[in-house]
Amino acid sequence: MPLHDYLQKHFVDKPTFASLTGISPERLDRLLADEAIPHATYICDGNSVRSAAFGVTDIREPLTGEYFRPECVRWAKIADQAAPGSERATVLAELTGELHRALQNHIEDSAAIDAEIQRYLPHFWNGTFGLCVADPSSGVGIVNKEMLQEKLTALTANGSDACPADISPKDLLQLIDDYADSAMPFSPAEYERSSRKRLVDDLRPTVAKA
């Protein structure tokens, strides 16, 4: 799939994102400048595409603009409806509350939960979760993808072991499918380096033959 088609299917450009949120482009710029909402996941300049997760990748398509996940409109609306000056704090409070509740289903130690949340936050603000999480509109969607990836990575030595001792092939295939459902397909710009290729498309056929 060409990058243009991928972006058209899963993302919206900056003016469209502002329109979906119901705010002016100027208001969106202010929220982004204040780091009150996730930044654009992809920025294209006609010669390359840049993301926080994968850096700069040369492209052959003459694409320009900033691209956002429409699911992140929710966070922009939360910020826009907050009291003036509290936009980032309001989004942060909503996000961390959701992340904490979701992580309690996976982690018992409260200090470990807090540490995991702090690890997530930079990826939320810089747009990375828009690149890799199927549903970045909620803490539950983020945690689900991250926990499944961590489990799958640990069990298979980052995709290199298709026959781990601690799980049956049937259950491993289910875990792979669950992870695939929680993660994005990834764009053609980074697919070859993505967890989707490593932990799903490369691993699944090998497990199925085991």
# chains A, B, ... in the order shown; residues from 1 in each chain; ligands from 1
>>> select_by_dssp(residues="segment 17-200 of chain A", states="strand (DSSP E or B)", output="number ranges by chain")
A: 42-45, 48-51, 55-58, 64-68, 133, 183
>>> write_last_selection(atoms="N, CA, C and O atoms", output="PDB file, in the first residue's frame")
ATOM      1  N   TYR A  42       2.827  11.731  12.053  1.00  0.00           N
ATOM      2  CA  TYR A  42       3.704  11.807  10.880  1.00  0.00           C
ATOM      3  C   TYR A  42       3.774  13.246  10.377  1.00  0.00           C
ATOM      4  O   TYR A  42       2.758  13.947  10.341  1.00  0.00           O
ATOM      5  N   ILE A  43       4.965  13.654   9.957  1.00  0.00           N
ATOM      6  CA  ILE A  43       5.162  14.938   9.302  1.00  0.00           C
ATOM      7  C   ILE A  43       5.887  14.678   7.982  1.00  0.00           C
ATOM      8  O   ILE A  43       6.985  14.104   7.972  1.00  0.00           O
ATOM      9  N   CYS A  44       5.262  15.063   6.884  1.00  0.00           N
ATOM     10  CA  CYS A  44       5.828  14.849   5.553  1.00  0.00           C
ATOM     11  C   CYS A  44       6.251  16.192   4.958  1.00  0.00           C
ATOM     12  O   CYS A  44       5.501  17.177   5.056  1.00  0.00           O
ATOM     13  N   ASP A  45       7.415  16.218   4.325  1.00  0.00           N
ATOM     14  CA  ASP A  45       7.903  17.471   3.747  1.00  0.00           C
ATOM     15  C   ASP A  45       8.108  17.389   2.238  1.00  0.00           C
ATOM     16  O   ASP A  45       8.760  18.242   1.637  1.00  0.00           O
ATOM     17  N   SER A  48      10.497  13.326   2.608  1.00  0.00           N
ATOM     18  CA  SER A  48      10.668  12.367   3.696  1.00  0.00           C
ATOM     19  C   SER A  48       9.447  12.409   4.608  1.00  0.00           C
ATOM     20  O   SER A  48       8.637  13.332   4.561  1.00  0.00           O
ATOM     21  N   VAL A  49       9.341  11.379   5.446  1.00  0.00           N
ATOM     22  CA  VAL A  49       8.316  11.331   6.480  1.00  0.00           C
ATOM     23  C   VAL A  49       9.031  11.168   7.813  1.00  0.00           C
ATOM     24  O   VAL A  49       9.988  10.402   7.929  1.00  0.00           O
ATOM     25  N   ARG A  50       8.579  11.919   8.802  1.00  0.00           N
ATOM     26  CA  ARG A  50       9.220  11.871  10.119  1.00  0.00           C
ATOM     27  C   ARG A  50       8.216  11.468  11.170  1.00  0.00           C
ATOM     28  O   ARG A  50       7.070  11.924  11.178  1.00  0.00           O
ATOM     29  N   SER A  51       8.645  10.594  12.063  1.00  0.00           N
ATOM     30  CA  SER A  51       7.853  10.233  13.234  1.00  0.00           C
ATOM     31  C   SER A  51       8.781  10.178  14.433  1.00  0.00           C
ATOM     32  O   SER A  51       9.996   9.972  14.280  1.00  0.00           O
ATOM     33  N   GLY A  55      12.029   8.246  13.414  1.00  0.00           N
ATOM     34  CA  GLY A  55      12.870   9.285  12.856  1.00  0.00           C
ATOM     35  C   GLY A  55      12.480   9.635  11.431  1.00  0.00           C
ATOM     36  O   GLY A  55      11.315   9.538  11.047  1.00  0.00           O
ATOM     37  N   VAL A  56      13.468  10.031  10.628  1.00  0.00           N
ATOM     38  CA  VAL A  56      13.227  10.486   9.260  1.00  0.00           C
ATOM     39  C   VAL A  56      13.470   9.347   8.280  1.00  0.00           C
ATOM     40  O   VAL A  56      14.506   8.675   8.330  1.00  0.00           O
ATOM     41  N   THR A  57      12.494   9.147   7.384  1.00  0.00           N
ATOM     42  CA  THR A  57      12.600   8.126   6.347  1.00  0.00           C
ATOM     43  C   THR A  57      12.332   8.775   4.998  1.00  0.00           C
ATOM     44  O   THR A  57      11.327   9.473   4.828  1.00  0.00           O
ATOM     45  N   ASP A  58      13.216   8.577   4.059  1.00  0.00           N
ATOM     46  CA  ASP A  58      13.012   9.119   2.713  1.00  0.00           C
ATOM     47  C   ASP A  58      11.824   8.430   2.039  1.00  0.00           C
ATOM     48  O   ASP A  58      11.607   7.227   2.212  1.00  0.00           O
ATOM     49  N   THR A  64       3.069  16.173   1.699  1.00  0.00           N
ATOM     50  CA  THR A  64       3.409  17.224   2.650  1.00  0.00           C
ATOM     51  C   THR A  64       2.302  17.332   3.693  1.00  0.00           C
ATOM     52  O   THR A  64       1.154  16.973   3.435  1.00  0.00           O
ATOM     53  N   GLY A  65       2.657  17.827   4.871  1.00  0.00           N
ATOM     54  CA  GLY A  65       1.652  18.064   5.903  1.00  0.00           C
ATOM     55  C   GLY A  65       1.884  17.256   7.159  1.00  0.00           C
ATOM     56  O   GLY A  65       2.786  16.420   7.234  1.00  0.00           O
ATOM     57  N   GLU A  66       1.056  17.567   8.155  1.00  0.00           N
ATOM     58  CA  GLU A  66       1.094  16.877   9.448  1.00  0.00           C
ATOM     59  C   GLU A  66      -0.138  15.987   9.544  1.00  0.00           C
ATOM     60  O   GLU A  66      -1.244  16.415   9.218  1.00  0.00           O
ATOM     61  N   TYR A  67       0.069  14.766  10.038  1.00  0.00           N
ATOM     62  CA  TYR A  67      -1.000  13.779  10.043  1.00  0.00           C
ATOM     63  C   TYR A  67      -1.255  13.264  11.458  1.00  0.00           C
ATOM     64  O   TYR A  67      -0.326  12.847  12.157  1.00  0.00           O
ATOM     65  N   PHE A  68      -2.544  13.309  11.831  1.00  0.00           N
ATOM     66  CA  PHE A  68      -2.985  12.937  13.164  1.00  0.00           C
ATOM     67  C   PHE A  68      -3.958  11.765  13.079  1.00  0.00           C
ATOM     68  O   PHE A  68      -4.718  11.653  12.108  1.00  0.00           O
ATOM     69  N   VAL A 133      -0.631   2.141  18.220  1.00  0.00           N
ATOM     70  CA  VAL A 133      -1.765   1.630  18.991  1.00  0.00           C
ATOM     71  C   VAL A 133      -3.049   1.724  18.179  1.00  0.00           C
ATOM     72  O   VAL A 133      -3.367   2.783  17.637  1.00  0.00           O
ATOM     73  N   ALA A 183      -2.731  -3.492  17.789  1.00  0.00           N
ATOM     74  CA  ALA A 183      -1.680  -2.667  17.193  1.00  0.00           C
ATOM     75  C   ALA A 183      -2.079  -2.176  15.806  1.00  0.00           C
ATOM     76  O   ALA A 183      -2.961  -2.746  15.160  1.00  0.00           O
TER      77      ALA A 183
END
>>> residues_around(residues="Pro38 of chain A", least_positions_apart="2", cutoff="8 Å", atoms="only C-alpha atoms", output="list in words")
Leu32, Glu35, Ala36, Ala40, Cys72, Trp75, Phe124, Trp125, Asn126 and Gly127 of chain A
>>> write_last_selection(atoms="C-alpha atoms", output="compact mmCIF listing (two decimals), in the first residue's frame")
# COMPACT_ATOMS: atom_id res chain seq x y z
CA LEU A 32 0.19 21.72 20.43
CA GLU A 35 2.00 20.16 24.69
CA ALA A 36 -1.56 19.72 25.89
CA ALA A 40 1.18 14.77 14.84
CA CYS A 72 -6.99 11.48 19.23
CA TRP A 75 -7.89 14.27 23.80
CA PHE A 124 1.61 9.76 24.23
CA TRP A 125 2.67 13.40 23.87
CA ASN A 126 4.98 12.91 20.88
CA GLY A 127 2.42 11.04 18.78
>>> select_by_dssp(residues="segment 139-194 of chain A", states="helix (DSSP H, G or I)", output="MDAnalysis selection string")
chainID A and resid 139:155 169:182 191:193
>>> write_last_selection(atoms="N, CA, C and O atoms", output="short mmCIF file (atom, residue, chain, number, x, y, z; two decimals), in the first residue's frame")
data_model
loop_
_atom_site.label_atom_id
_atom_site.label_comp_id
_atom_site.auth_asym_id
_atom_site.auth_seq_id
_atom_site.Cartn_x
_atom_site.Cartn_y
_atom_site.Cartn_z
N GLY A 139 -6.85 5.18 27.68
CA GLY A 139 -5.79 4.50 28.41
C GLY A 139 -5.89 3.00 28.27
O GLY A 139 -4.87 2.30 28.22
N VAL A 140 -7.10 2.48 28.20
CA VAL A 140 -7.29 1.03 28.06
C VAL A 140 -6.69 0.54 26.76
O VAL A 140 -6.00 -0.49 26.72
N GLY A 141 -6.92 1.25 25.66
CA GLY A 141 -6.37 0.84 24.38
C GLY A 141 -4.86 0.85 24.38
O GLY A 141 -4.22 -0.04 23.81
N ILE A 142 -4.28 1.85 25.01
CA ILE A 142 -2.83 1.96 25.09
C ILE A 142 -2.24 0.83 25.92
O ILE A 142 -1.30 0.15 25.50
N VAL A 143 -2.81 0.61 27.10
CA VAL A 143 -2.29 -0.43 27.99
C VAL A 143 -2.44 -1.81 27.36
O VAL A 143 -1.54 -2.64 27.44
N ASN A 144 -3.58 -2.06 26.73
CA ASN A 144 -3.81 -3.37 26.13
C ASN A 144 -2.72 -3.70 25.12
O ASN A 144 -2.12 -4.78 25.15
N LYS A 145 -2.42 -2.76 24.23
CA LYS A 145 -1.39 -3.00 23.23
C LYS A 145 -0.02 -3.16 23.88
O LYS A 145 0.74 -4.07 23.53
N GLU A 146 0.33 -2.29 24.81
CA GLU A 146 1.66 -2.34 25.42
C GLU A 146 1.87 -3.63 26.22
O GLU A 146 2.94 -4.25 26.15
N MET A 147 0.85 -4.06 26.96
CA MET A 147 0.99 -5.27 27.76
C MET A 147 1.08 -6.51 26.88
O MET A 147 1.87 -7.43 27.15
N LEU A 148 0.28 -6.56 25.82
CA LEU A 148 0.35 -7.70 24.91
C LEU A 148 1.71 -7.76 24.21
O LEU A 148 2.29 -8.84 24.05
N GLN A 149 2.23 -6.61 23.83
CA GLN A 149 3.54 -6.59 23.18
C GLN A 149 4.63 -7.04 24.14
O GLN A 149 5.53 -7.81 23.75
N GLU A 150 4.58 -6.55 25.37
CA GLU A 150 5.58 -6.96 26.35
C GLU A 150 5.55 -8.47 26.58
O GLU A 150 6.59 -9.13 26.63
N LYS A 151 4.34 -9.02 26.71
CA LYS A 151 4.21 -10.46 26.95
C LYS A 151 4.70 -11.26 25.76
O LYS A 151 5.46 -12.23 25.92
N LEU A 152 4.31 -10.86 24.57
CA LEU A 152 4.70 -11.58 23.37
C LEU A 152 6.21 -11.47 23.13
O LEU A 152 6.86 -12.46 22.75
N THR A 153 6.76 -10.32 23.37
CA THR A 153 8.20 -10.12 23.22
C THR A 153 8.99 -10.98 24.19
O THR A 153 9.99 -11.62 23.81
N ALA A 154 8.53 -11.02 25.44
CA ALA A 154 9.24 -11.81 26.45
C ALA A 154 9.16 -13.30 26.15
O ALA A 154 10.15 -14.02 26.27
N LEU A 155 7.99 -13.78 25.77
CA LEU A 155 7.80 -15.21 25.53
C LEU A 155 8.60 -15.70 24.33
O LEU A 155 9.13 -16.82 24.34
N PRO A 169 1.36 -23.83 21.28
CA PRO A 169 1.26 -23.15 19.98
C PRO A 169 -0.11 -22.50 19.78
O PRO A 169 -0.19 -21.40 19.25
N LYS A 170 -1.17 -23.18 20.22
CA LYS A 170 -2.51 -22.63 20.06
C LYS A 170 -2.66 -21.33 20.84
O LYS A 170 -3.18 -20.34 20.31
N ASP A 171 -2.20 -21.34 22.09
CA ASP A 171 -2.32 -20.13 22.90
C ASP A 171 -1.40 -19.02 22.39
O ASP A 171 -1.74 -17.83 22.48
N LEU A 172 -0.26 -19.41 21.86
CA LEU A 172 0.65 -18.41 21.31
C LEU A 172 0.05 -17.76 20.08
O LEU A 172 0.15 -16.53 19.90
N LEU A 173 -0.60 -18.54 19.23
CA LEU A 173 -1.27 -17.97 18.06
C LEU A 173 -2.38 -17.01 18.48
O LEU A 173 -2.57 -15.96 17.85
N GLN A 174 -3.09 -17.35 19.56
CA GLN A 174 -4.13 -16.45 20.05
C GLN A 174 -3.52 -15.15 20.56
O GLN A 174 -4.06 -14.06 20.34
N LEU A 175 -2.39 -15.27 21.26
CA LEU A 175 -1.71 -14.07 21.76
C LEU A 175 -1.25 -13.19 20.60
O LEU A 175 -1.39 -11.96 20.65
N ILE A 176 -0.73 -13.82 19.56
CA ILE A 176 -0.30 -13.06 18.38
C ILE A 176 -1.50 -12.34 17.76
O ILE A 176 -1.41 -11.16 17.40
N ASP A 177 -2.63 -13.03 17.66
CA ASP A 177 -3.83 -12.42 17.08
C ASP A 177 -4.33 -11.27 17.95
O ASP A 177 -4.74 -10.22 17.43
N ASP A 178 -4.29 -11.46 19.26
CA ASP A 178 -4.74 -10.40 20.18
C ASP A 178 -3.84 -9.17 20.03
O ASP A 178 -4.34 -8.02 20.02
N TYR A 179 -2.53 -9.41 19.94
CA TYR A 179 -1.62 -8.29 19.76
C TYR A 179 -1.88 -7.60 18.43
O TYR A 179 -1.90 -6.36 18.35
N ALA A 180 -2.07 -8.39 17.38
CA ALA A 180 -2.33 -7.82 16.05
C ALA A 180 -3.56 -6.92 16.07
O ALA A 180 -3.57 -5.86 15.45
N ASP A 181 -4.59 -7.33 16.81
CA ASP A 181 -5.81 -6.53 16.90
C ASP A 181 -5.59 -5.24 17.68
O ASP A 181 -6.27 -4.24 17.43
N SER A 182 -4.64 -5.24 18.59
CA SER A 182 -4.41 -4.07 19.45
C SER A 182 -3.44 -3.07 18.83
O SER A 182 -3.33 -1.94 19.32
N TYR A 191 7.32 -0.26 8.14
CA TYR A 191 6.83 -1.63 8.34
C TYR A 191 7.96 -2.63 8.51
O TYR A 191 7.90 -3.51 9.39
N GLU A 192 9.01 -2.54 7.71
CA GLU A 192 10.09 -3.52 7.77
C GLU A 192 10.78 -3.52 9.14
O GLU A 192 11.38 -4.52 9.53
N ARG A 193 10.69 -2.41 9.87
CA ARG A 193 11.32 -2.30 11.18
C ARG A 193 10.32 -2.43 12.32
O ARG A 193 10.67 -2.27 13.48
#
>>> residues_around(residues="Thr96 of chain A", least_positions_apart="5", cutoff="10 Å", atoms="only C-alpha atoms", output="NGL selection string")
:A and (91 or 101-102 or 114 or 117-118 or 120-121 or 139)
>>> residues_around(residues="His123 of chain A", least_positions_apart="6", cutoff="9 Å", atoms="only C-alpha atoms", output="MDAnalysis selection string")
chainID A and resid 38 52:53 129:130
>>> atom_distance(atom1="atom CA of Arg198 of chain A", atom2="atom CA of Ala157 of chain A")
10.8 Å
>>> residues_around(residues="Ser194 of chain A", least_positions_apart="2", cutoff="12 Å", atoms="only C-alpha atoms", output="list in words")
Ala53, Phe54, Leu131, Cys132, Gln149, Asn158, Gly159, Ala180, Ala183, Met184, Pro185, Phe186, Ser187, Pro188, Ala189, Glu190, Tyr191, Glu192, Arg196, Lys197, Arg198, Leu199, Val200, Asp201 and Asp202 of chain A
>>> closest_residue(among="A:Glu116, A:Asp80, A:Asp13, A:Glu98", to="Arg30 of chain A", atoms="only C-alpha atoms")
A:Asp80
>>> decode(residues="segment 4-58 of chain A", atoms="C-alpha atoms", output="mmCIF file, in the first residue's frame")
data_model
loop_
_atom_site.group_PDB
_atom_site.id
_atom_site.type_symbol
_atom_site.label_atom_id
_atom_site.label_comp_id
_atom_site.auth_asym_id
_atom_site.auth_seq_id
_atom_site.Cartn_x
_atom_site.Cartn_y
_atom_site.Cartn_z
ATOM 1 C CA HIS A 4 -0.537 8.164 0.652
ATOM 2 C CA ASP A 5 -3.202 5.464 0.795
ATOM 3 C CA TYR A 6 -2.172 4.412 4.296
ATOM 4 C CA LEU A 7 -2.423 7.970 5.586
ATOM 5 C CA GLN A 8 -5.768 8.479 3.867
ATOM 6 C CA LYS A 9 -7.115 5.333 5.512
ATOM 7 C CA HIS A 10 -5.876 5.808 9.074
ATOM 8 C CA PHE A 11 -5.034 9.500 9.527
ATOM 9 C CA VAL A 12 -6.294 13.015 8.886
ATOM 10 C CA ASP A 13 -4.325 16.132 8.060
ATOM 11 C CA LYS A 14 -3.995 19.015 10.478
ATOM 12 C CA PRO A 15 -6.875 21.181 9.155
ATOM 13 C CA THR A 16 -9.206 18.179 9.201
ATOM 14 C CA PHE A 17 -8.130 17.286 12.724
ATOM 15 C CA ALA A 18 -8.965 20.804 13.902
ATOM 16 C CA SER A 19 -12.329 20.623 12.140
ATOM 17 C CA LEU A 20 -13.157 17.264 13.757
ATOM 18 C CA THR A 21 -12.283 18.700 17.141
ATOM 19 C CA GLY A 22 -14.446 21.758 16.506
ATOM 20 C CA ILE A 23 -11.691 24.282 17.093
ATOM 21 C CA SER A 24 -9.817 26.777 14.955
ATOM 22 C CA PRO A 25 -6.402 25.958 13.484
ATOM 23 C CA GLU A 26 -4.981 28.696 15.712
ATOM 24 C CA ARG A 27 -6.443 27.050 18.812
ATOM 25 C CA LEU A 28 -4.991 23.716 17.731
ATOM 26 C CA ASP A 29 -1.575 25.319 17.296
ATOM 27 C CA ARG A 30 -1.756 26.724 20.813
ATOM 28 C CA LEU A 31 -2.667 23.351 22.298
ATOM 29 C CA LEU A 32 0.193 21.722 20.432
ATOM 30 C CA ALA A 33 2.645 24.432 21.478
ATOM 31 C CA ASP A 34 1.594 23.943 25.109
ATOM 32 C CA GLU A 35 2.000 20.160 24.685
ATOM 33 C CA ALA A 36 -1.556 19.723 25.895
ATOM 34 C CA ILE A 37 -2.419 17.099 23.265
ATOM 35 C CA PRO A 38 -0.531 14.463 21.251
ATOM 36 C CA HIS A 39 1.572 15.866 18.446
ATOM 37 C CA ALA A 40 1.178 14.774 14.839
ATOM 38 C CA THR A 41 2.241 11.184 14.335
ATOM 39 C CA TYR A 42 3.704 11.807 10.880
ATOM 40 C CA ILE A 43 5.162 14.938 9.302
ATOM 41 C CA CYS A 44 5.828 14.849 5.553
ATOM 42 C CA ASP A 45 7.903 17.471 3.747
ATOM 43 C CA GLY A 46 7.709 16.211 0.177
ATOM 44 C CA ASN A 47 10.901 14.182 0.378
ATOM 45 C CA SER A 48 10.668 12.367 3.696
ATOM 46 C CA VAL A 49 8.316 11.331 6.480
ATOM 47 C CA ARG A 50 9.220 11.871 10.119
ATOM 48 C CA SER A 51 7.853 10.233 13.234
ATOM 49 C CA ALA A 52 9.032 10.308 16.826
ATOM 50 C CA ALA A 53 9.265 6.516 16.831
ATOM 51 C CA PHE A 54 11.280 5.948 13.652
ATOM 52 C CA GLY A 55 12.870 9.285 12.856
ATOM 53 C CA VAL A 56 13.227 10.486 9.260
ATOM 54 C CA THR A 57 12.600 8.126 6.347
ATOM 55 C CA ASP A 58 13.012 9.119 2.713
#
